[in-house]
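One structure is given here, and the rest of the page talks about it.
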Amino acid sequence: MKGMDELKLDGNAAAGNLEQIFAFEITTAVGTCANCGASGAVGGAGVYSQAPGIVVRCPACEGVLLRLANDGDSRWWLEMTGVRSLEVRL
Ligand SMILES: [Zn+2]
């Protein structure tokens, strides 16, 4: 049986799949809140863009679903701790 280190790849191994997955209409994707379990289209979530980045909150519990920040140039940071799952229809 292989150990975990032998099975581990770097992020490049998932790049092809992630590029496919993230090339979709995000507003119709259905997210599930990690805090309360509510599910709904991302387009129905609350967005707060007056922060240093963009904060998207659950419409049911106001928990933070995700944060998106940009350095003003070409670098972006996406934090999705508050999203338990994201259902995408390709
Ligand atoms: Zn919630």
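Going through the structure tokens in order, the chains are called A, B, and so on, while each chain numbers its residues from 1 and the ligands are numbered from 1 in the order shown.
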As a quick test: using only C-alpha atoms and all ligand atoms, which residues lie no more than 12 Å away from ligand 1? Give them as a PDB file with N, CA, C and O atoms, in the first residue's frame.
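For reference, selection16.pdb as written:
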ATOM      1  N   GLY A  31     -24.520  26.794  -4.468  1.00  0.00           N
ATOM      2  CA  GLY A  31     -23.599  26.627  -3.354  1.00  0.00           C
ATOM      3  C   GLY A  31     -24.332  26.190  -2.102  1.00  0.00           C
ATOM      4  O   GLY A  31     -25.491  26.533  -1.893  1.00  0.00           O
ATOM      5  N   THR A  32     -23.632  25.420  -1.276  1.00  0.00           N
ATOM      6  CA  THR A  32     -24.165  25.015   0.021  1.00  0.00           C
ATOM      7  C   THR A  32     -23.315  25.656   1.104  1.00  0.00           C
ATOM      8  O   THR A  32     -22.091  25.518   1.118  1.00  0.00           O
ATOM      9  N   CYS A  33     -23.970  26.357   1.989  1.00  0.00           N
ATOM     10  CA  CYS A  33     -23.296  27.078   3.063  1.00  0.00           C
ATOM     11  C   CYS A  33     -22.701  26.099   4.082  1.00  0.00           C
ATOM     12  O   CYS A  33     -23.398  25.203   4.567  1.00  0.00           O
ATOM     13  N   ALA A  34     -21.421  26.286   4.396  1.00  0.00           N
ATOM     14  CA  ALA A  34     -20.765  25.427   5.376  1.00  0.00           C
ATOM     15  C   ALA A  34     -21.257  25.719   6.789  1.00  0.00           C
ATOM     16  O   ALA A  34     -21.147  24.871   7.667  1.00  0.00           O
ATOM     17  N   ASN A  35     -21.840  26.878   7.012  1.00  0.00           N
ATOM     18  CA  ASN A  35     -22.300  27.259   8.343  1.00  0.00           C
ATOM     19  C   ASN A  35     -23.680  26.709   8.670  1.00  0.00           C
ATOM     20  O   ASN A  35     -23.874  26.091   9.707  1.00  0.00           O
ATOM     21  N   CYS A  36     -24.644  26.902   7.770  1.00  0.00           N
ATOM     22  CA  CYS A  36     -26.028  26.515   8.082  1.00  0.00           C
ATOM     23  C   CYS A  36     -26.595  25.421   7.182  1.00  0.00           C
ATOM     24  O   CYS A  36     -27.665  24.897   7.451  1.00  0.00           O
ATOM     25  N   GLY A  37     -25.903  25.103   6.094  1.00  0.00           N
ATOM     26  CA  GLY A  37     -26.369  24.045   5.213  1.00  0.00           C
ATOM     27  C   GLY A  37     -27.362  24.489   4.150  1.00  0.00           C
ATOM     28  O   GLY A  37     -27.798  23.679   3.341  1.00  0.00           O
ATOM     29  N   ALA A  38     -27.725  25.760   4.139  1.00  0.00           N
ATOM     30  CA  ALA A  38     -28.652  26.251   3.116  1.00  0.00           C
ATOM     31  C   ALA A  38     -27.999  26.165   1.740  1.00  0.00           C
ATOM     32  O   ALA A  38     -26.796  26.352   1.604  1.00  0.00           O
ATOM     33  N   SER A  39     -28.809  25.878   0.729  1.00  0.00           N
ATOM     34  CA  SER A  39     -28.324  25.811  -0.640  1.00  0.00           C
ATOM     35  C   SER A  39     -29.061  26.819  -1.492  1.00  0.00           C
ATOM     36  O   SER A  39     -30.239  27.070  -1.286  1.00  0.00           O
ATOM     37  N   GLY A  40     -28.347  27.365  -2.448  1.00  0.00           N
ATOM     38  CA  GLY A  40     -28.977  28.300  -3.360  1.00  0.00           C
ATOM     39  C   GLY A  40     -28.006  28.762  -4.419  1.00  0.00           C
ATOM     40  O   GLY A  40     -26.793  28.563  -4.304  1.00  0.00           O
ATOM     41  N   ALA A  45     -26.939  35.120  -3.517  1.00  0.00           N
ATOM     42  CA  ALA A  45     -26.208  35.417  -2.278  1.00  0.00           C
ATOM     43  C   ALA A  45     -26.009  36.916  -2.140  1.00  0.00           C
ATOM     44  O   ALA A  45     -26.146  37.672  -3.097  1.00  0.00           O
ATOM     45  N   GLY A  46     -25.706  37.342  -0.924  1.00  0.00           N
ATOM     46  CA  GLY A  46     -25.436  38.754  -0.685  1.00  0.00           C
ATOM     47  C   GLY A  46     -23.979  39.067  -0.964  1.00  0.00           C
ATOM     48  O   GLY A  46     -23.093  38.358  -0.515  1.00  0.00           O
ATOM     49  N   VAL A  56     -18.914  37.524  -0.159  1.00  0.00           N
ATOM     50  CA  VAL A  56     -20.213  36.956  -0.515  1.00  0.00           C
ATOM     51  C   VAL A  56     -20.745  36.212   0.697  1.00  0.00           C
ATOM     52  O   VAL A  56     -20.075  35.348   1.253  1.00  0.00           O
ATOM     53  N   ARG A  57     -21.961  36.592   1.117  1.00  0.00           N
ATOM     54  CA  ARG A  57     -22.554  36.006   2.326  1.00  0.00           C
ATOM     55  C   ARG A  57     -23.798  35.189   2.015  1.00  0.00           C
ATOM     56  O   ARG A  57     -24.528  35.476   1.066  1.00  0.00           O
ATOM     57  N   CYS A  58     -24.031  34.201   2.846  1.00  0.00           N
ATOM     58  CA  CYS A  58     -25.200  33.326   2.743  1.00  0.00           C
ATOM     59  C   CYS A  58     -26.465  34.147   2.996  1.00  0.00           C
ATOM     60  O   CYS A  58     -26.538  34.872   3.990  1.00  0.00           O
ATOM     61  N   PRO A  59     -27.473  34.033   2.122  1.00  0.00           N
ATOM     62  CA  PRO A  59     -28.712  34.783   2.344  1.00  0.00           C
ATOM     63  C   PRO A  59     -29.519  34.261   3.528  1.00  0.00           C
ATOM     64  O   PRO A  59     -30.360  34.970   4.062  1.00  0.00           O
ATOM     65  N   ALA A  60     -29.242  33.038   3.970  1.00  0.00           N
ATOM     66  CA  ALA A  60     -30.006  32.459   5.087  1.00  0.00           C
ATOM     67  C   ALA A  60     -29.421  32.828   6.442  1.00  0.00           C
ATOM     68  O   ALA A  60     -30.151  33.171   7.370  1.00  0.00           O
ATOM     69  N   CYS A  61     -28.103  32.753   6.597  1.00  0.00           N
ATOM     70  CA  CYS A  61     -27.499  32.966   7.919  1.00  0.00           C
ATOM     71  C   CYS A  61     -26.491  34.113   7.959  1.00  0.00           C
ATOM     72  O   CYS A  61     -25.952  34.413   9.022  1.00  0.00           O
ATOM     73  N   GLU A  62     -26.230  34.723   6.821  1.00  0.00           N
ATOM     74  CA  GLU A  62     -25.260  35.821   6.708  1.00  0.00           C
ATOM     75  C   GLU A  62     -23.811  35.383   6.950  1.00  0.00           C
ATOM     76  O   GLU A  62     -22.916  36.213   7.072  1.00  0.00           O
ATOM     77  N   GLY A  63     -23.580  34.071   7.031  1.00  0.00           N
ATOM     78  CA  GLY A  63     -22.202  33.575   7.142  1.00  0.00           C
ATOM     79  C   GLY A  63     -21.432  33.889   5.864  1.00  0.00           C
ATOM     80  O   GLY A  63     -22.009  33.981   4.782  1.00  0.00           O
ATOM     81  N   VAL A  64     -20.133  34.074   5.996  1.00  0.00           N
ATOM     82  CA  VAL A  64     -19.301  34.371   4.822  1.00  0.00           C
ATOM     83  C   VAL A  64     -19.134  33.104   3.995  1.00  0.00           C
ATOM     84  O   VAL A  64     -18.662  32.078   4.492  1.00  0.00           O
ATOM     85  N   LEU A  65     -19.561  33.180   2.742  1.00  0.00           N
ATOM     86  CA  LEU A  65     -19.387  32.050   1.825  1.00  0.00           C
ATOM     87  C   LEU A  65     -18.005  32.095   1.188  1.00  0.00           C
ATOM     88  O   LEU A  65     -17.305  31.095   1.136  1.00  0.00           O
ATOM     89  N   LEU A  66     -17.668  33.254   0.675  1.00  0.00           N
ATOM     90  CA  LEU A  66     -16.359  33.378   0.029  1.00  0.00           C
ATOM     91  C   LEU A  66     -15.889  34.816   0.039  1.00  0.00           C
ATOM     92  O   LEU A  66     -16.677  35.751   0.206  1.00  0.00           O
ATOM     93  N   GLY A  82     -16.310  29.038   3.491  1.00  0.00           N
ATOM     94  CA  GLY A  82     -17.716  28.999   3.859  1.00  0.00           C
ATOM     95  C   GLY A  82     -18.616  28.250   2.890  1.00  0.00           C
ATOM     96  O   GLY A  82     -19.814  28.162   3.117  1.00  0.00           O
ATOM     97  N   VAL A  83     -18.040  27.701   1.839  1.00  0.00           N
ATOM     98  CA  VAL A  83     -18.832  26.931   0.869  1.00  0.00           C
ATOM     99  C   VAL A  83     -18.537  25.451   1.068  1.00  0.00           C
ATOM    100  O   VAL A  83     -17.421  25.001   0.831  1.00  0.00           O
ATOM    101  N   ARG A  84     -19.526  24.731   1.543  1.00  0.00           N
ATOM    102  CA  ARG A  84     -19.340  23.291   1.758  1.00  0.00           C
ATOM    103  C   ARG A  84     -19.192  22.584   0.424  1.00  0.00           C
ATOM    104  O   ARG A  84     -18.367  21.703   0.271  1.00  0.00           O
TER     105      ARG A  84
END
When DSSP is applied to the backbone of this structure, which of chain A are assigned alpha helix (DSSP H)? Write them out as an MDAnalysis selection string. chainID A and resid 4:7 12:21
Which polymer residues have any atom within 12 Å of an atom of Trp76 of chain A, counting only C-alpha atoms, with same-chain residues fewer than 5 positions away left out, as an MDAnalysis selection string? chainID A and resid 53:54 67:71
Could you pull out all residues of segment 1-84 of chain A with a DSSP call of strand (DSSP E) and give them as a compact mmCIF listing (two decimals) with all heavy atoms, in the first residue's frame?
# COMPACT_ATOMS: atom_id res chain seq x y z
N VAL A 30 -24.97 26.25 -7.75
CA VAL A 30 -25.67 26.15 -6.47
C VAL A 30 -24.66 25.84 -5.37
O VAL A 30 -24.03 24.79 -5.36
CB VAL A 30 -26.76 25.06 -6.52
CG1 VAL A 30 -27.42 24.91 -5.15
CG2 VAL A 30 -27.79 25.40 -7.58
N GLY A 31 -24.52 26.79 -4.47
CA GLY A 31 -23.60 26.63 -3.35
C GLY A 31 -24.33 26.19 -2.10
O GLY A 31 -25.49 26.53 -1.89
N THR A 32 -23.63 25.42 -1.28
CA THR A 32 -24.16 25.02 0.02
C THR A 32 -23.32 25.66 1.10
O THR A 32 -22.09 25.52 1.12
CB THR A 32 -24.14 23.48 0.17
OG1 THR A 32 -24.96 22.91 -0.85
CG2 THR A 32 -24.67 23.05 1.54
N CYS A 33 -23.97 26.36 1.99
CA CYS A 33 -23.30 27.08 3.06
C CYS A 33 -22.70 26.10 4.08
O CYS A 33 -23.40 25.20 4.57
CB CYS A 33 -24.31 28.00 3.75
SG CYS A 33 -23.64 28.88 5.18
N SER A 39 -28.81 25.88 0.73
CA SER A 39 -28.32 25.81 -0.64
C SER A 39 -29.06 26.82 -1.49
O SER A 39 -30.24 27.07 -1.29
CB SER A 39 -28.55 24.41 -1.23
OG SER A 39 -27.78 23.46 -0.55
N GLY A 40 -28.35 27.36 -2.45
CA GLY A 40 -28.98 28.30 -3.36
C GLY A 40 -28.01 28.76 -4.42
O GLY A 40 -26.79 28.56 -4.30
N ALA A 41 -28.56 29.37 -5.46
CA ALA A 41 -27.73 29.88 -6.55
C ALA A 41 -26.82 30.98 -6.03
O ALA A 41 -27.24 31.81 -5.21
CB ALA A 41 -28.61 30.41 -7.67
N GLY A 46 -25.71 37.34 -0.92
CA GLY A 46 -25.44 38.75 -0.69
C GLY A 46 -23.98 39.07 -0.96
O GLY A 46 -23.09 38.36 -0.52
N VAL A 47 -23.73 40.12 -1.71
CA VAL A 47 -22.36 40.50 -2.07
C VAL A 47 -22.06 41.87 -1.47
O VAL A 47 -22.84 42.80 -1.62
CB VAL A 47 -22.17 40.53 -3.60
CG1 VAL A 47 -20.79 41.05 -3.96
CG2 VAL A 47 -22.37 39.14 -4.19
N TYR A 48 -20.94 41.95 -0.81
CA TYR A 48 -20.48 43.21 -0.21
C TYR A 48 -19.16 43.57 -0.87
O TYR A 48 -18.15 42.92 -0.64
CB TYR A 48 -20.30 43.03 1.30
CG TYR A 48 -21.58 42.60 1.96
CD1 TYR A 48 -21.92 41.25 2.03
CD2 TYR A 48 -22.45 43.54 2.48
CE1 TYR A 48 -23.11 40.85 2.61
CE2 TYR A 48 -23.64 43.15 3.07
CZ TYR A 48 -23.97 41.80 3.12
OH TYR A 48 -25.15 41.41 3.69
N ILE A 54 -14.10 41.51 -2.20
CA ILE A 54 -15.52 41.21 -2.32
C ILE A 54 -15.85 40.10 -1.33
O ILE A 54 -15.15 39.08 -1.28
CB ILE A 54 -15.86 40.78 -3.76
CG1 ILE A 54 -15.64 41.95 -4.71
CG2 ILE A 54 -17.29 40.26 -3.85
CD1 ILE A 54 -15.75 41.57 -6.17
N VAL A 55 -16.90 40.29 -0.55
CA VAL A 55 -17.34 39.28 0.40
C VAL A 55 -18.73 38.83 -0.01
O VAL A 55 -19.62 39.65 -0.22
CB VAL A 55 -17.36 39.84 1.84
CG1 VAL A 55 -17.90 38.80 2.81
CG2 VAL A 55 -15.97 40.30 2.25
N VAL A 56 -18.91 37.52 -0.16
CA VAL A 56 -20.21 36.96 -0.51
C VAL A 56 -20.75 36.21 0.70
O VAL A 56 -20.07 35.35 1.25
CB VAL A 56 -20.09 36.00 -1.72
CG1 VAL A 56 -21.44 35.39 -2.07
CG2 VAL A 56 -19.50 36.73 -2.93
N ARG A 57 -21.96 36.59 1.12
CA ARG A 57 -22.55 36.01 2.33
C ARG A 57 -23.80 35.19 2.02
O ARG A 57 -24.53 35.48 1.07
CB ARG A 57 -22.92 37.12 3.32
CG ARG A 57 -21.72 37.80 3.93
CD ARG A 57 -22.12 38.81 5.00
NE ARG A 57 -20.98 39.37 5.67
CZ ARG A 57 -20.41 38.83 6.75
NH1 ARG A 57 -20.92 37.75 7.29
NH2 ARG A 57 -19.36 39.38 7.29
N VAL A 64 -20.13 34.07 6.00
CA VAL A 64 -19.30 34.37 4.82
C VAL A 64 -19.13 33.10 3.99
O VAL A 64 -18.66 32.08 4.49
CB VAL A 64 -17.92 34.92 5.24
CG1 VAL A 64 -17.03 35.10 4.02
CG2 VAL A 64 -18.08 36.23 5.99
N LEU A 65 -19.56 33.18 2.74
CA LEU A 65 -19.39 32.05 1.82
C LEU A 65 -18.00 32.10 1.19
O LEU A 65 -17.31 31.10 1.14
CB LEU A 65 -20.46 32.07 0.73
CG LEU A 65 -21.89 31.84 1.19
CD1 LEU A 65 -22.86 32.12 0.06
CD2 LEU A 65 -22.05 30.42 1.71
N LEU A 66 -17.67 33.25 0.68
CA LEU A 66 -16.36 33.38 0.03
C LEU A 66 -15.89 34.82 0.04
O LEU A 66 -16.68 35.75 0.21
CB LEU A 66 -16.38 32.80 -1.39
CG LEU A 66 -17.29 33.44 -2.44
CD1 LEU A 66 -16.59 34.57 -3.18
CD2 LEU A 66 -17.73 32.38 -3.44
N ARG A 67 -14.60 34.95 -0.14
CA ARG A 67 -13.96 36.26 -0.25
C ARG A 67 -13.10 36.25 -1.49
O ARG A 67 -12.43 35.25 -1.78
CB ARG A 67 -13.08 36.54 0.96
CG ARG A 67 -13.80 36.64 2.27
CD ARG A 67 -12.81 36.85 3.41
NE ARG A 67 -13.46 36.93 4.69
CZ ARG A 67 -13.62 35.88 5.50
NH1 ARG A 67 -13.16 34.71 5.16
NH2 ARG A 67 -14.23 36.03 6.65
N LEU A 68 -13.11 37.35 -2.20
CA LEU A 68 -12.32 37.49 -3.42
C LEU A 68 -11.57 38.81 -3.34
O LEU A 68 -12.15 39.85 -3.09
CB LEU A 68 -13.25 37.49 -4.63
CG LEU A 68 -12.65 37.58 -6.01
CD1 LEU A 68 -11.78 36.36 -6.31
CD2 LEU A 68 -13.75 37.68 -7.06
N ALA A 69 -10.27 38.72 -3.51
CA ALA A 69 -9.45 39.93 -3.44
C ALA A 69 -8.53 40.00 -4.64
O ALA A 69 -8.15 38.99 -5.21
CB ALA A 69 -8.63 39.93 -2.15
N ASN A 70 -8.19 41.23 -5.00
CA ASN A 70 -7.34 41.48 -6.16
C ASN A 70 -6.27 42.48 -5.76
O ASN A 70 -6.52 43.37 -4.94
CB ASN A 70 -8.21 42.03 -7.30
CG ASN A 70 -7.41 42.46 -8.50
OD1 ASN A 70 -7.33 43.65 -8.78
ND2 ASN A 70 -6.82 41.54 -9.21
N TRP A 76 -5.21 37.40 -8.09
CA TRP A 76 -6.48 37.25 -7.38
C TRP A 76 -6.33 36.21 -6.29
O TRP A 76 -5.60 35.25 -6.44
CB TRP A 76 -7.57 36.79 -8.35
CG TRP A 76 -7.97 37.84 -9.32
CD1 TRP A 76 -7.37 38.12 -10.52
CD2 TRP A 76 -9.02 38.78 -9.19
NE1 TRP A 76 -8.01 39.17 -11.13
CE2 TRP A 76 -9.02 39.59 -10.33
CE3 TRP A 76 -9.98 39.00 -8.19
CZ2 TRP A 76 -9.95 40.62 -10.51
CZ3 TRP A 76 -10.90 40.02 -8.39
CH2 TRP A 76 -10.87 40.81 -9.52
N TRP A 77 -7.09 36.40 -5.21
CA TRP A 77 -7.14 35.42 -4.13
C TRP A 77 -8.60 35.07 -3.91
O TRP A 77 -9.44 35.95 -3.80
CB TRP A 77 -6.55 35.99 -2.84
CG TRP A 77 -5.08 36.20 -2.90
CD1 TRP A 77 -4.11 35.35 -2.45
CD2 TRP A 77 -4.39 37.34 -3.42
NE1 TRP A 77 -2.88 35.89 -2.68
CE2 TRP A 77 -3.01 37.11 -3.27
CE3 TRP A 77 -4.81 38.53 -4.02
CZ2 TRP A 77 -2.05 38.02 -3.68
CZ3 TRP A 77 -3.85 39.44 -4.44
CH2 TRP A 77 -2.49 39.18 -4.26
N LEU A 78 -8.87 33.79 -3.84
CA LEU A 78 -10.23 33.31 -3.62
C LEU A 78 -10.22 32.40 -2.39
O LEU A 78 -9.48 31.41 -2.35
CB LEU A 78 -10.72 32.52 -4.84
CG LEU A 78 -12.08 31.85 -4.72
CD1 LEU A 78 -13.18 32.88 -4.48
CD2 LEU A 78 -12.36 31.05 -5.99
N GLU A 79 -11.01 32.76 -1.41
CA GLU A 79 -11.14 31.97 -0.19
C GLU A 79 -12.58 31.49 -0.12
O GLU A 79 -13.52 32.29 -0.20
CB GLU A 79 -10.77 32.83 1.03
CG GLU A 79 -10.84 32.10 2.36
CD GLU A 79 -12.21 32.15 2.96
OE1 GLU A 79 -12.79 33.23 3.04
OE2 GLU A 79 -12.72 31.09 3.34
N VAL A 83 -18.04 27.70 1.84
CA VAL A 83 -18.83 26.93 0.87
C VAL A 83 -18.54 25.45 1.07
O VAL A 83 -17.42 25.00 0.83
CB VAL A 83 -18.51 27.34 -0.58
CG1 VAL A 83 -19.30 26.49 -1.56
CG2 VAL A 83 -18.78 28.82 -0.79
N ARG A 84 -19.53 24.73 1.54
CA ARG A 84 -19.34 23.29 1.76
C ARG A 84 -19.19 22.58 0.42
O ARG A 84 -18.37 21.70 0.27
CB ARG A 84 -20.53 22.71 2.52
CG ARG A 84 -20.40 21.23 2.79
CD ARG A 84 -21.58 20.67 3.52
NE ARG A 84 -21.77 21.35 4.79
CZ ARG A 84 -22.93 21.39 5.44
NH1 ARG A 84 -23.99 20.78 4.94
NH2 ARG A 84 -23.04 22.03 6.57
For each of A:Leu7, A:Ile26, A:Ala13, A:Leu18, take the minimum atom-to-atom distance to Gly43 of chain A, counting only C-alpha atoms, then give the residue where this is smallest. A:Ile26
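Among the candidate residues A:Gly11, A:Asn17, A:Val42, A:Asp73, the one lying nearest to Ala29 of chain A is A:Val42, with distances computed using only C-alpha atoms.
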